[in-house]
Amino acid sequence: MCFLASLSFLALAFGASAAPSARAPSDRQRSFIIIGDSTSKYDGGWGPGFCISTKDITTVTCINLAVSGGTTGGFFESGLFETSLAAVGAEAALGHRPVVTVQYGHNDQKIAPAEGMGKNLTTIVKAIKAVGGSPILVTSLTRRNFFANGTIDDALELWAEETIKVAHAQRLPLLDLHAQSVEYCEAIGPEASHRLNYLPTDNTHLNPNGATVFGRMVADLMVAALGNSTSLGIIANPELTYNITHGIPSY
């Protein structure tokens with residue numbers, strides 16, 4: 001079933017679950033930590049749009065540790081590995097359930113085969129689990145490069161497939177942002193897709209409107225993967241969800 005059809009129920013589902021409800025004592029409060037490259041960071045990525053969606057429950061924390069130029073290899077070499085694990089461990093020590101999104105591919109694709117990224121992802125998610133985090137793998141946001149026939153010129157497919165393989169092998173939740181963003185951009189077309197660009201000729205990074213759209217897409221995918229939006233601390237946006245699931249530009 002395609003993304004636009006399979007998630008079309010979310011506008012109604014969100015409306016039904018948006019009212020606050022008591023959490024069982026065993027249901028630990030979530031916090032969110034974003035790890036990845038510039039397409040998920042606070043300036044130019046979907047991170048801000050996602051974090052804005054996570055304010056439904058008081059004191060929900062959303063920490064964005066994504067960096068420009070990030071690769072899975074650089075994650076270890078830069079010291080970000082230790083910094084990220086410390087942040088996850090600190091949230092777990094507070095009694096929270098740290099939900100950690102991990103999205104790489106854009107820069108790994110430029111320097112190494114997909115299999116190398118897969119090995120690094122496996123190490124990363126195992127380490128996150130070891131310090132009390134709940135890792136979720138996210139396939140890469142599409143670049144908004146189009147062929148003349150209106151389809152996406154997709155250079156990231158193999159790296160998205162490798163992420164999916166790791167998620168299945170490690171039995172982890174998967175947010176297939178790559179497939180969903182490709183489908184959405186093809187549905188709304190090049191002109192509307194490029195209105196979400198960070199700069200007019202930057203088909204990789206996002207302006208604030210792009211962050212809002214694709215941050216909502218990540219939030220909706222997470223609800224579909226993990227369940228009830230209220231217990232996750234994710235705010236409903238039925239209008240934007242409807243537009244995304246029906247291939248309608250919002251900006």
# chains A, B, ... in the order shown; residues from 1 in each chain; ligands from 1
call {"tool": "closest_atom_pairs", "arguments": {"of": "range 89-190 of chain A", "to": "range 42-63 of chain A", "cutoff": "12 Å", "atoms": "only C-alpha atoms", "output": "JSON lines"}}
result
{"residue": "A:Ala90", "atom": "CA", "partner": "A:Thr61", "partner_atom": "CA", "distance": 11.7}
{"residue": "A:Glu91", "atom": "CA", "partner": "A:Thr61", "partner_atom": "CA", "distance": 8.8}
{"residue": "A:Ala92", "atom": "CA", "partner": "A:Thr61", "partner_atom": "CA", "distance": 11.9}
{"residue": "A:Leu94", "atom": "CA", "partner": "A:Thr61", "partner_atom": "CA", "distance": 11.4}
{"residue": "A:His96", "atom": "CA", "partner": "A:Val60", "partner_atom": "CA", "distance": 9.3}
{"residue": "A:Arg97", "atom": "CA", "partner": "A:Val60", "partner_atom": "CA", "distance": 10.5}
{"residue": "A:Pro98", "atom": "CA", "partner": "A:Thr61", "partner_atom": "CA", "distance": 9.0}
{"residue": "A:Val99", "atom": "CA", "partner": "A:Cys62", "partner_atom": "CA", "distance": 9.4}
{"residue": "A:Val100", "atom": "CA", "partner": "A:Ile63", "partner_atom": "CA", "distance": 9.4}
{"residue": "A:Thr101", "atom": "CA", "partner": "A:Gly47", "partner_atom": "CA", "distance": 10.2}
{"residue": "A:Val102", "atom": "CA", "partner": "A:Gly47", "partner_atom": "CA", "distance": 11.6}
{"residue": "A:Gln103", "atom": "CA", "partner": "A:Gly47", "partner_atom": "CA", "distance": 10.9}
{"residue": "A:Val138", "atom": "CA", "partner": "A:Trp46", "partner_atom": "CA", "distance": 11.8}
{"residue": "A:Ser140", "atom": "CA", "partner": "A:Trp46", "partner_atom": "CA", "distance": 10.9}
{"residue": "A:Leu141", "atom": "CA", "partner": "A:Trp46", "partner_atom": "CA", "distance": 8.7}
{"residue": "A:Thr142", "atom": "CA", "partner": "A:Gly45", "partner_atom": "CA", "distance": 11.5}
{"residue": "A:Arg143", "atom": "CA", "partner": "A:Gly45", "partner_atom": "CA", "distance": 11.7}
{"residue": "A:Leu177", "atom": "CA", "partner": "A:Trp46", "partner_atom": "CA", "distance": 10.7}
{"residue": "A:Ser181", "atom": "CA", "partner": "A:Trp46", "partner_atom": "CA", "distance": 11.5}
call {"tool": "write_last_selection", "arguments": {"atoms": "N, CA and C atoms", "output": "PDB file, in the first residue's frame"}}
result
ATOM      1  N   ALA A  90      21.711  10.258  30.197  1.00  0.00           N
ATOM      2  CA  ALA A  90      21.185  11.239  31.148  1.00  0.00           C
ATOM      3  C   ALA A  90      19.662  11.245  31.151  1.00  0.00           C
ATOM      4  N   GLU A  91      19.048  11.143  29.970  1.00  0.00           N
ATOM      5  CA  GLU A  91      17.592  11.092  29.896  1.00  0.00           C
ATOM      6  C   GLU A  91      17.061   9.811  30.550  1.00  0.00           C
ATOM      7  N   ALA A  92      17.741   8.694  30.307  1.00  0.00           N
ATOM      8  CA  ALA A  92      17.319   7.439  30.917  1.00  0.00           C
ATOM      9  C   ALA A  92      17.438   7.512  32.437  1.00  0.00           C
ATOM     10  N   LEU A  94      16.950  10.012  34.256  1.00  0.00           N
ATOM     11  CA  LEU A  94      15.831  10.805  34.772  1.00  0.00           C
ATOM     12  C   LEU A  94      14.534   9.994  34.820  1.00  0.00           C
ATOM     13  N   HIS A  96      13.174   8.749  32.070  1.00  0.00           N
ATOM     14  CA  HIS A  96      12.503   8.894  30.786  1.00  0.00           C
ATOM     15  C   HIS A  96      12.808   7.702  29.894  1.00  0.00           C
ATOM     16  N   ARG A  97      12.055   7.604  28.798  1.00  0.00           N
ATOM     17  CA  ARG A  97      12.361   6.636  27.754  1.00  0.00           C
ATOM     18  C   ARG A  97      12.898   7.421  26.561  1.00  0.00           C
ATOM     19  N   PRO A  98      14.215   7.501  26.398  1.00  0.00           N
ATOM     20  CA  PRO A  98      14.759   8.287  25.275  1.00  0.00           C
ATOM     21  C   PRO A  98      14.523   7.571  23.945  1.00  0.00           C
ATOM     22  N   VAL A  99      13.738   8.195  23.079  1.00  0.00           N
ATOM     23  CA  VAL A  99      13.510   7.696  21.729  1.00  0.00           C
ATOM     24  C   VAL A  99      14.521   8.400  20.830  1.00  0.00           C
ATOM     25  N   VAL A 100      15.414   7.636  20.219  1.00  0.00           N
ATOM     26  CA  VAL A 100      16.561   8.208  19.509  1.00  0.00           C
ATOM     27  C   VAL A 100      16.431   7.910  18.014  1.00  0.00           C
ATOM     28  N   THR A 101      16.184   8.947  17.212  1.00  0.00           N
ATOM     29  CA  THR A 101      16.151   8.761  15.764  1.00  0.00           C
ATOM     30  C   THR A 101      17.569   8.863  15.214  1.00  0.00           C
ATOM     31  N   VAL A 102      17.894   7.960  14.300  1.00  0.00           N
ATOM     32  CA  VAL A 102      19.223   7.923  13.682  1.00  0.00           C
ATOM     33  C   VAL A 102      19.029   7.934  12.170  1.00  0.00           C
ATOM     34  N   GLN A 103      19.463   9.024  11.521  1.00  0.00           N
ATOM     35  CA  GLN A 103      19.317   9.143  10.070  1.00  0.00           C
ATOM     36  C   GLN A 103      20.636   9.553   9.438  1.00  0.00           C
ATOM     37  N   VAL A 138      15.944   5.888  10.623  1.00  0.00           N
ATOM     38  CA  VAL A 138      15.201   6.726   9.680  1.00  0.00           C
ATOM     39  C   VAL A 138      15.967   6.736   8.365  1.00  0.00           C
ATOM     40  N   SER A 140      17.009   8.216   4.662  1.00  0.00           N
ATOM     41  CA  SER A 140      17.340   9.605   4.316  1.00  0.00           C
ATOM     42  C   SER A 140      16.194  10.347   3.646  1.00  0.00           C
ATOM     43  N   LEU A 141      15.998  11.584   4.079  1.00  0.00           N
ATOM     44  CA  LEU A 141      15.132  12.505   3.350  1.00  0.00           C
ATOM     45  C   LEU A 141      15.618  12.611   1.910  1.00  0.00           C
ATOM     46  N   THR A 142      14.707  12.566   0.950  1.00  0.00           N
ATOM     47  CA  THR A 142      15.111  12.650  -0.441  1.00  0.00           C
ATOM     48  C   THR A 142      15.713  14.011  -0.782  1.00  0.00           C
ATOM     49  N   ARG A 143      16.638  14.011  -1.720  1.00  0.00           N
ATOM     50  CA  ARG A 143      17.023  15.266  -2.383  1.00  0.00           C
ATOM     51  C   ARG A 143      15.944  15.570  -3.414  1.00  0.00           C
ATOM     52  N   LEU A 177      11.426   7.440   5.785  1.00  0.00           N
ATOM     53  CA  LEU A 177      11.264   8.819   5.320  1.00  0.00           C
ATOM     54  C   LEU A 177      11.676   8.960   3.864  1.00  0.00           C
ATOM     55  N   SER A 181       9.115  10.608   1.389  1.00  0.00           N
ATOM     56  CA  SER A 181       9.422  11.944   0.872  1.00  0.00           C
ATOM     57  C   SER A 181       9.560  11.924  -0.646  1.00  0.00           C
TER      58      SER A 181
END
call {"tool": "residues_around", "arguments": {"residues": "range 159-174 of chain A", "least_positions_apart": "4", "cutoff": "8 Å", "atoms": "only C-alpha atoms", "output": "list in words"}}
result
Gly105, Gln109, Ala114, Glu115, Met117, Gly118, Leu121, Thr122, Pro135, Ile136, Leu137, Val138, Thr139, Ser140, His178, Ala225 and Leu226 of chain A
call {"tool": "select_by_dssp", "arguments": {"residues": "range 3-191 of chain A", "states": "strand (DSSP E)", "output": "MDAnalysis selection string"}}
result
chainID A and resid 30:36 62:64 97:103 134:138 174:175
call {"tool": "write_last_selection", "arguments": {"atoms": "N, CA, C and O atoms", "output": "short mmCIF file (atom, residue, chain, number, x, y, z; two decimals), in the first residue's frame"}}
result
data_model
loop_
_atom_site.label_atom_id
_atom_site.label_comp_id
_atom_site.auth_asym_id
_atom_site.auth_seq_id
_atom_site.Cartn_x
_atom_site.Cartn_y
_atom_site.Cartn_z
N ARG A 30 8.37 9.86 27.38
CA ARG A 30 9.35 9.86 26.32
C ARG A 30 10.16 11.16 26.32
O ARG A 30 9.67 12.21 26.72
N SER A 31 11.37 11.05 25.85
CA SER A 31 12.13 12.21 25.39
C SER A 31 12.67 11.83 24.02
O SER A 31 12.76 10.64 23.69
N PHE A 32 13.01 12.81 23.22
CA PHE A 32 13.45 12.56 21.85
C PHE A 32 14.85 13.12 21.64
O PHE A 32 15.15 14.25 22.04
N ILE A 33 15.69 12.33 21.01
CA ILE A 33 17.05 12.75 20.66
C ILE A 33 17.25 12.45 19.18
O ILE A 33 16.99 11.33 18.73
N ILE A 34 17.69 13.45 18.43
CA ILE A 34 17.88 13.33 16.98
C ILE A 34 19.37 13.24 16.69
O ILE A 34 20.14 14.14 17.06
N ILE A 35 19.78 12.17 16.03
CA ILE A 35 21.17 11.98 15.61
C ILE A 35 21.17 11.84 14.10
O ILE A 35 20.35 11.10 13.54
N GLY A 36 22.09 12.53 13.42
CA GLY A 36 22.13 12.41 11.97
C GLY A 36 22.90 13.51 11.30
O GLY A 36 23.73 14.19 11.93
N CYS A 62 13.22 17.46 23.57
CA CYS A 62 13.62 17.11 22.20
C CYS A 62 15.00 17.71 21.97
O CYS A 62 15.15 18.93 21.89
N ILE A 63 16.01 16.86 21.88
CA ILE A 63 17.40 17.29 21.77
C ILE A 63 17.90 16.96 20.37
O ILE A 63 17.84 15.81 19.93
N ASN A 64 18.41 17.97 19.67
CA ASN A 64 18.87 17.76 18.30
C ASN A 64 20.40 17.78 18.28
O ASN A 64 21.02 18.82 18.47
N ARG A 97 12.05 7.60 28.80
CA ARG A 97 12.36 6.64 27.75
C ARG A 97 12.90 7.42 26.56
O ARG A 97 12.13 7.98 25.79
N PRO A 98 14.21 7.50 26.40
CA PRO A 98 14.76 8.29 25.28
C PRO A 98 14.52 7.57 23.95
O PRO A 98 15.03 6.47 23.72
N VAL A 99 13.74 8.19 23.08
CA VAL A 99 13.51 7.70 21.73
C VAL A 99 14.52 8.40 20.83
O VAL A 99 14.50 9.62 20.71
N VAL A 100 15.41 7.64 20.22
CA VAL A 100 16.56 8.21 19.51
C VAL A 100 16.43 7.91 18.01
O VAL A 100 16.54 6.75 17.59
N THR A 101 16.18 8.95 17.21
CA THR A 101 16.15 8.76 15.76
C THR A 101 17.57 8.86 15.21
O THR A 101 18.34 9.73 15.61
N VAL A 102 17.89 7.96 14.30
CA VAL A 102 19.22 7.92 13.68
C VAL A 102 19.03 7.93 12.17
O VAL A 102 18.47 7.00 11.60
N GLN A 103 19.46 9.02 11.52
CA GLN A 103 19.32 9.14 10.07
C GLN A 103 20.64 9.55 9.44
O GLN A 103 21.14 10.65 9.67
N SER A 134 16.01 3.98 23.13
CA SER A 134 15.20 3.20 22.18
C SER A 134 15.47 3.74 20.78
O SER A 134 14.86 4.73 20.35
N PRO A 135 16.42 3.13 20.05
CA PRO A 135 16.77 3.66 18.73
C PRO A 135 15.70 3.38 17.69
O PRO A 135 15.04 2.34 17.71
N ILE A 136 15.53 4.35 16.79
CA ILE A 136 14.65 4.21 15.63
C ILE A 136 15.46 4.63 14.41
O ILE A 136 15.99 5.75 14.37
N LEU A 137 15.59 3.76 13.44
CA LEU A 137 16.31 4.12 12.23
C LEU A 137 15.39 4.85 11.25
O LEU A 137 14.22 4.49 11.09
N VAL A 138 15.94 5.89 10.62
CA VAL A 138 15.20 6.73 9.68
C VAL A 138 15.97 6.74 8.37
O VAL A 138 17.16 7.05 8.34
N LEU A 174 11.32 1.29 12.18
CA LEU A 174 11.87 1.96 11.00
C LEU A 174 10.92 3.04 10.53
O LEU A 174 9.71 2.80 10.41
N LEU A 175 11.45 4.23 10.26
CA LEU A 175 10.68 5.29 9.62
C LEU A 175 11.25 5.45 8.22
O LEU A 175 12.37 5.96 8.05
#
